Amino acid sequence: MGRLENKIAVITGAASGIGSATAQRFVEEGATIAALDLVTPEGEAWDSICATAPESDSFIVDVTKEPSIEEAVRAVITKYGRIDVLVNGAGVSSGGATEDITEEEWDRVMDINLKGSFFVAKHVVRQMIKQSSGSIVHIASIEGLDGLSGQLAYGTSKGAVVQMTRNMAADYATMGIRVNCVCPGAIETPMTAILNDESLKEIKTQMENAHLMERFGLPHEVANGILYLASDEASFVTGHPLVIDGGWVAGTRLKY
Ligand SMILES: NC(=O)c1ccc[n+]([C@@H]2O[C@H](COP(=O)([O-])OP(=O)(O)OC[C@H]3O[C@@H](n4cnc5c(N)ncnc54)[C@H](O)[C@@H]3O)[C@@H](O)[C@H]2O)c1
């Protein structure tokens, strides 16, 4: 018996990185996936998801567009009859200090990382209220807990996702709906692949060393934490930001 046996899981950002790894981990535990993304998931990872859980399907959605989300969530409910789990993984990175960030860039990051997560949660939770059950996991970041230079817009969006988690947990705790988030450290995904550029090697080394384990995490290491929060094993856990960061927020290791 899998840890998500017969559960229907909506995963945004499922075409890549952490979202894709989460979808793969979920089907290993018996879930069927409704993948919501700007692009259609493809390649080996998606093929293996569809081979393991053939009812899985993908829906093209821009999380910044509420009508597009409403339509996709309606299509998911029509197809599966319910939604047991939502993982809000769609997101974008952004760099820049306060004095340099344009209004357009600020809006882009807030619209995708924060408003998009809110829009999807809003439409999915309406179904979960009808069912009196469900588990929502937002993907925040350690940057939503700790400050990091040159990351104002991204860090602010993720700090708000952590707070959104707590507010939603308070709204739905007595309705059988749990709301948590994960706060990953730096993870090896297409989002951070730019740091492999020779010109950014020094920054990548500094970031690796900011984790006590002196490395980036891997997508499946985050997926395992999301799986725990999504599953009934976390039945008494709500409003919690689960830190998965190789020790970044724990502190600094001096080299004597
Ligand atoms: N990689 C990291 O180091 C790291 C660390 C902490 C948190 N996170 C967070 O984890 C989540 C996943 O990141 P990742 O590293 O897997 O990134 P990724 O770039 O590999 O995947 C992001 C996915 O989101 C989708 N997406 C982007 N904008 C969208 C939109 N408007 N509508 C629908 N889908 C959209 C993309 O198409 C892509 O499939 C993000 O929220 C990110 O902020 C990542």
# chains A, B, ... in the order shown; residues from 1 in each chain; ligands from 1
$ residues_around --residues "segment 92-109 of chain A" --least-positions-apart "2" --cutoff "8 Å" --atoms "only C-alpha atoms" --output "ChimeraX atom specification"
/A:90,111-114,149-154,157,191
$ residues_around --residues "Met207 of chain A" --least-positions-apart "4" --cutoff "8 Å" --atoms "only C-alpha atoms" --output "list in words"
Ala186, Ile203 and His211 of chain A
$ residues_around --residues "Asp57 of chain A" --least-positions-apart "5" --cutoff "9 Å" --atoms "only C-alpha atoms" --output "MDAnalysis selection string"
chainID A and resid 32:36 50 76
$ write_last_selection --atoms "N, CA and C atoms" --output "mmCIF file, in the first residue's frame"
data_model
loop_
_atom_site.group_PDB
_atom_site.id
_atom_site.type_symbol
_atom_site.label_atom_id
_atom_site.label_comp_id
_atom_site.auth_asym_id
_atom_site.auth_seq_id
_atom_site.Cartn_x
_atom_site.Cartn_y
_atom_site.Cartn_z
ATOM 1 N N THR A 32 -2.279 9.513 -8.579
ATOM 2 C CA THR A 32 -2.485 9.909 -9.970
ATOM 3 C C THR A 32 -2.246 11.412 -10.043
ATOM 4 N N ILE A 33 -1.558 11.844 -11.099
ATOM 5 C CA ILE A 33 -1.114 13.244 -11.173
ATOM 6 C C ILE A 33 -1.903 14.045 -12.198
ATOM 7 N N ALA A 34 -2.355 15.231 -11.783
ATOM 8 C CA ALA A 34 -2.840 16.250 -12.716
ATOM 9 C C ALA A 34 -1.769 17.338 -12.738
ATOM 10 N N ALA A 35 -1.010 17.377 -13.832
ATOM 11 C CA ALA A 35 0.126 18.297 -13.926
ATOM 12 C C ALA A 35 -0.325 19.612 -14.547
ATOM 13 N N LEU A 36 -0.139 20.717 -13.827
ATOM 14 C CA LEU A 36 -0.506 22.046 -14.333
ATOM 15 C C LEU A 36 0.775 22.833 -14.583
ATOM 16 N N CYS A 50 3.346 8.405 -16.580
ATOM 17 C CA CYS A 50 2.155 7.910 -17.287
ATOM 18 C C CYS A 50 2.140 6.378 -17.359
ATOM 19 N N VAL A 76 -10.047 19.136 -14.040
ATOM 20 C CA VAL A 76 -9.501 18.093 -13.153
ATOM 21 C C VAL A 76 -10.638 17.444 -12.356
#
$ residues_near_ligand --ligand "ligand 1" --cutoff "7 Å" --atoms "only C-alpha atoms and all ligand atoms" --output "compact mmCIF listing (two decimals) with C-alpha atoms, in the first residue's frame"
# COMPACT_ATOMS: atom_id res chain seq x y z
CA THR A 12 1.80 23.02 -10.60
CA GLY A 13 5.22 23.41 -12.20
CA ALA A 14 5.18 19.65 -12.75
CA ALA A 15 7.02 19.86 -16.08
CA SER A 16 10.40 20.57 -14.50
CA GLY A 17 12.70 20.40 -11.48
CA ILE A 18 11.13 19.94 -8.05
CA GLY A 19 7.57 19.66 -9.43
CA LEU A 36 -0.51 22.05 -14.33
CA ASP A 37 2.19 24.00 -16.15
CA LEU A 38 2.82 26.59 -18.85
CA VAL A 39 4.27 23.77 -20.95
CA VAL A 61 -2.12 26.77 -17.28
CA ASP A 62 -0.57 30.15 -16.64
CA VAL A 63 -0.85 30.48 -12.86
CA THR A 64 -1.04 34.27 -13.15
CA GLY A 89 5.40 24.37 -7.35
CA ALA A 90 5.27 26.81 -10.28
CA GLY A 91 7.78 29.58 -9.69
CA VAL A 92 10.52 31.75 -11.15
CA SER A 93 13.79 33.12 -9.83
CA ILE A 112 3.92 33.98 -10.48
CA ASN A 113 5.35 33.04 -7.07
CA ILE A 139 6.88 25.54 -2.25
CA ALA A 140 8.47 28.51 -0.49
CA SER A 141 12.24 28.76 0.09
CA ILE A 142 14.83 29.39 2.79
CA CYS A 183 11.52 25.80 2.38
CA PRO A 184 14.26 24.29 0.22
CA GLY A 185 17.85 25.48 0.13
CA ALA A 186 19.50 25.76 -3.29
CA ILE A 187 18.51 22.77 -5.41
CA GLU A 188 20.01 21.49 -8.68
CA THR A 189 17.22 22.19 -11.19
CA PRO A 190 16.87 24.12 -14.46
CA MET A 191 16.15 27.18 -12.27
CA THR A 192 19.67 27.15 -10.79
$ closest_residue --among "A:Gly81, A:Gly176, A:Gly217, A:Gly239" --to "Ile8 of chain A" --atoms "only C-alpha atoms"
A:Gly81
$ atom_distance --atom1 "atom CA of Ile136 of chain A" --atom2 "atom CA of Asn224 of chain A"
14.9 Å
$ select_by_dssp --residues "segment 69-223 of chain A" --states "strand (DSSP E or B)" --output "list in words"
Val85, Leu86, Val87, Asn88, Gly96, Gly134, Ser135, Ile136, Val137, His138, Ile139, Gln151, Ile177, Arg178, Val179, Asn180, Cys181, Val182, Cys183, Pro184, Ile187 and Gly217 of chain A
$ write_last_selection --atoms "N, CA and C atoms" --output "short mmCIF file (atom, residue, chain, number, x, y, z; two decimals), in the first residue's frame"
data_model
loop_
_atom_site.label_atom_id
_atom_site.label_comp_id
_atom_site.auth_asym_id
_atom_site.auth_seq_id
_atom_site.Cartn_x
_atom_site.Cartn_y
_atom_site.Cartn_z
N VAL A 85 -4.70 16.27 -3.04
CA VAL A 85 -3.45 16.96 -2.72
C VAL A 85 -3.21 18.06 -3.75
N LEU A 86 -2.75 19.21 -3.29
CA LEU A 86 -2.24 20.26 -4.19
C LEU A 86 -0.80 20.58 -3.81
N VAL A 87 0.09 20.53 -4.78
CA VAL A 87 1.46 21.02 -4.59
C VAL A 87 1.63 22.24 -5.49
N ASN A 88 1.87 23.38 -4.88
CA ASN A 88 2.01 24.64 -5.62
C ASN A 88 3.48 24.87 -5.92
N GLY A 96 18.53 40.87 -8.05
CA GLY A 96 18.60 42.34 -8.10
C GLY A 96 18.39 42.95 -6.73
N GLY A 134 -8.24 17.27 2.47
CA GLY A 134 -7.24 17.70 1.49
C GLY A 134 -5.96 18.14 2.16
N SER A 135 -4.89 18.12 1.37
CA SER A 135 -3.59 18.57 1.87
C SER A 135 -2.95 19.46 0.81
N ILE A 136 -2.57 20.66 1.22
CA ILE A 136 -1.94 21.62 0.30
C ILE A 136 -0.50 21.84 0.75
N VAL A 137 0.42 21.77 -0.21
CA VAL A 137 1.83 22.05 0.09
C VAL A 137 2.32 23.12 -0.88
N HIS A 138 2.63 24.30 -0.33
CA HIS A 138 3.24 25.35 -1.14
C HIS A 138 4.76 25.14 -1.16
N ILE A 139 5.41 25.58 -2.24
CA ILE A 139 6.88 25.54 -2.25
C ILE A 139 7.39 26.97 -2.03
N GLN A 151 18.43 39.58 -3.67
CA GLN A 151 17.29 38.69 -3.91
C GLN A 151 15.98 39.28 -3.38
N ILE A 177 -8.65 20.08 6.25
CA ILE A 177 -7.70 20.49 5.20
C ILE A 177 -6.43 21.03 5.88
N ARG A 178 -5.30 20.42 5.55
CA ARG A 178 -4.02 20.88 6.10
C ARG A 178 -3.27 21.69 5.04
N VAL A 179 -2.56 22.72 5.50
CA VAL A 179 -1.79 23.57 4.57
C VAL A 179 -0.39 23.77 5.14
N ASN A 180 0.60 23.32 4.40
CA ASN A 180 1.99 23.44 4.83
C ASN A 180 2.83 23.96 3.67
N CYS A 181 4.11 24.22 3.94
CA CYS A 181 5.01 24.55 2.83
C CYS A 181 6.38 23.94 3.09
N VAL A 182 7.16 23.81 2.03
CA VAL A 182 8.56 23.43 2.20
C VAL A 182 9.42 24.65 1.90
N CYS A 183 10.55 24.72 2.59
CA CYS A 183 11.52 25.80 2.38
C CYS A 183 12.84 25.16 1.98
N PRO A 184 13.01 24.93 0.67
CA PRO A 184 14.26 24.29 0.22
C PRO A 184 15.43 25.28 0.22
N ILE A 187 18.73 24.11 -4.87
CA ILE A 187 18.51 22.77 -5.41
C ILE A 187 18.95 22.74 -6.88
N GLY A 217 21.07 20.79 -2.91
CA GLY A 217 20.22 19.62 -2.78
C GLY A 217 19.78 19.11 -4.14
#
$ atom_distance --atom1 "atom CA of Asp47 of chain A" --atom2 "atom CA of Gly30 of chain A"
15.9 Å
$ residues_around --residues "Ala250 of chain A" --least-positions-apart "3" --cutoff "12 Å" --atoms "only C-alpha atoms" --output "list in words"
Ile142, Leu145, Asp146, Gly185, Ala210, His211, Leu212, Met213, Val243, Ile244, Asp245, Gly246, Gly247 and Arg253 of chain A
$ write_last_selection --atoms "N, CA and C atoms" --output "compact mmCIF listing (two decimals), in the first residue's frame"
# COMPACT_ATOMS: atom_id res chain seq x y z
N ILE A 142 14.11 28.81 1.64
CA ILE A 142 14.83 29.39 2.79
C ILE A 142 14.91 30.90 2.64
N LEU A 145 12.64 32.78 4.71
CA LEU A 145 12.92 32.78 6.15
C LEU A 145 14.14 33.64 6.49
N ASP A 146 15.16 33.58 5.61
CA ASP A 146 16.42 34.29 5.82
C ASP A 146 16.61 35.34 4.74
N GLY A 185 16.62 24.73 0.42
CA GLY A 185 17.85 25.48 0.13
C GLY A 185 18.04 25.49 -1.38
N ALA A 210 27.29 27.94 1.86
CA ALA A 210 26.32 28.47 2.82
C ALA A 210 25.46 27.35 3.42
N HIS A 211 25.43 26.20 2.75
CA HIS A 211 24.75 25.03 3.33
C HIS A 211 25.78 24.31 4.21
N LEU A 212 25.41 23.92 5.42
CA LEU A 212 26.38 23.21 6.27
C LEU A 212 26.93 21.99 5.55
N MET A 213 26.13 21.38 4.69
CA MET A 213 26.57 20.18 3.95
C MET A 213 27.42 20.52 2.72
N VAL A 243 11.80 22.97 6.58
CA VAL A 243 13.08 23.40 6.01
C VAL A 243 13.84 22.18 5.49
N ILE A 244 14.22 22.24 4.20
CA ILE A 244 14.96 21.12 3.57
C ILE A 244 16.17 21.77 2.89
N ASP A 245 17.23 21.95 3.64
CA ASP A 245 18.26 22.89 3.17
C ASP A 245 19.70 22.51 3.49
N GLY A 246 19.96 21.24 3.82
CA GLY A 246 21.34 20.86 4.10
C GLY A 246 21.98 21.71 5.18
N GLY A 247 21.15 22.33 6.03
CA GLY A 247 21.69 23.08 7.17
C GLY A 247 21.89 24.57 6.95
N ARG A 253 29.14 27.20 9.71
CA ARG A 253 30.23 26.34 10.22
C ARG A 253 31.56 27.04 9.94
$ select_by_dssp --residues "segment 184-215 of chain A" --states "alpha helix (DSSP H)" --output "compact mmCIF listing (two decimals) with C-alpha atoms, in the first residue's frame"
# COMPACT_ATOMS: atom_id res chain seq x y z
CA LYS A 201 31.30 29.78 -10.55
CA GLU A 202 32.44 31.84 -7.55
CA ILE A 203 28.83 32.66 -6.58
CA LYS A 204 27.87 28.99 -6.87
CA THR A 205 30.76 27.98 -4.59
CA GLN A 206 29.72 30.60 -2.02
CA MET A 207 26.15 29.30 -2.16
CA GLU A 208 27.26 25.68 -1.80
CA ASN A 209 29.28 26.66 1.27
CA ALA A 210 26.32 28.47 2.82
$ closest_residue --among "A:Gly159, A:Glu233, A:Leu242, A:Ile69" --to "Arg3 of chain A" --atoms "only C-alpha atoms"
A:Glu233
$ closest_residue --among "A:Ile83, A:Gly144, A:Lys7, A:Gly155" --to "Lys130 of chain A" --atoms "only C-alpha atoms"
A:Ile83
$ atom_distance --atom1 "atom CA of Lys115 of chain A" --atom2 "atom CA of His240 of chain A"
19.9 Å
$ closest_residue --among "A:Ala223, A:Ile60, A:Met128, A:Ala75" --to "Thr40 of chain A" --atoms "only C-alpha atoms"
A:Ile60
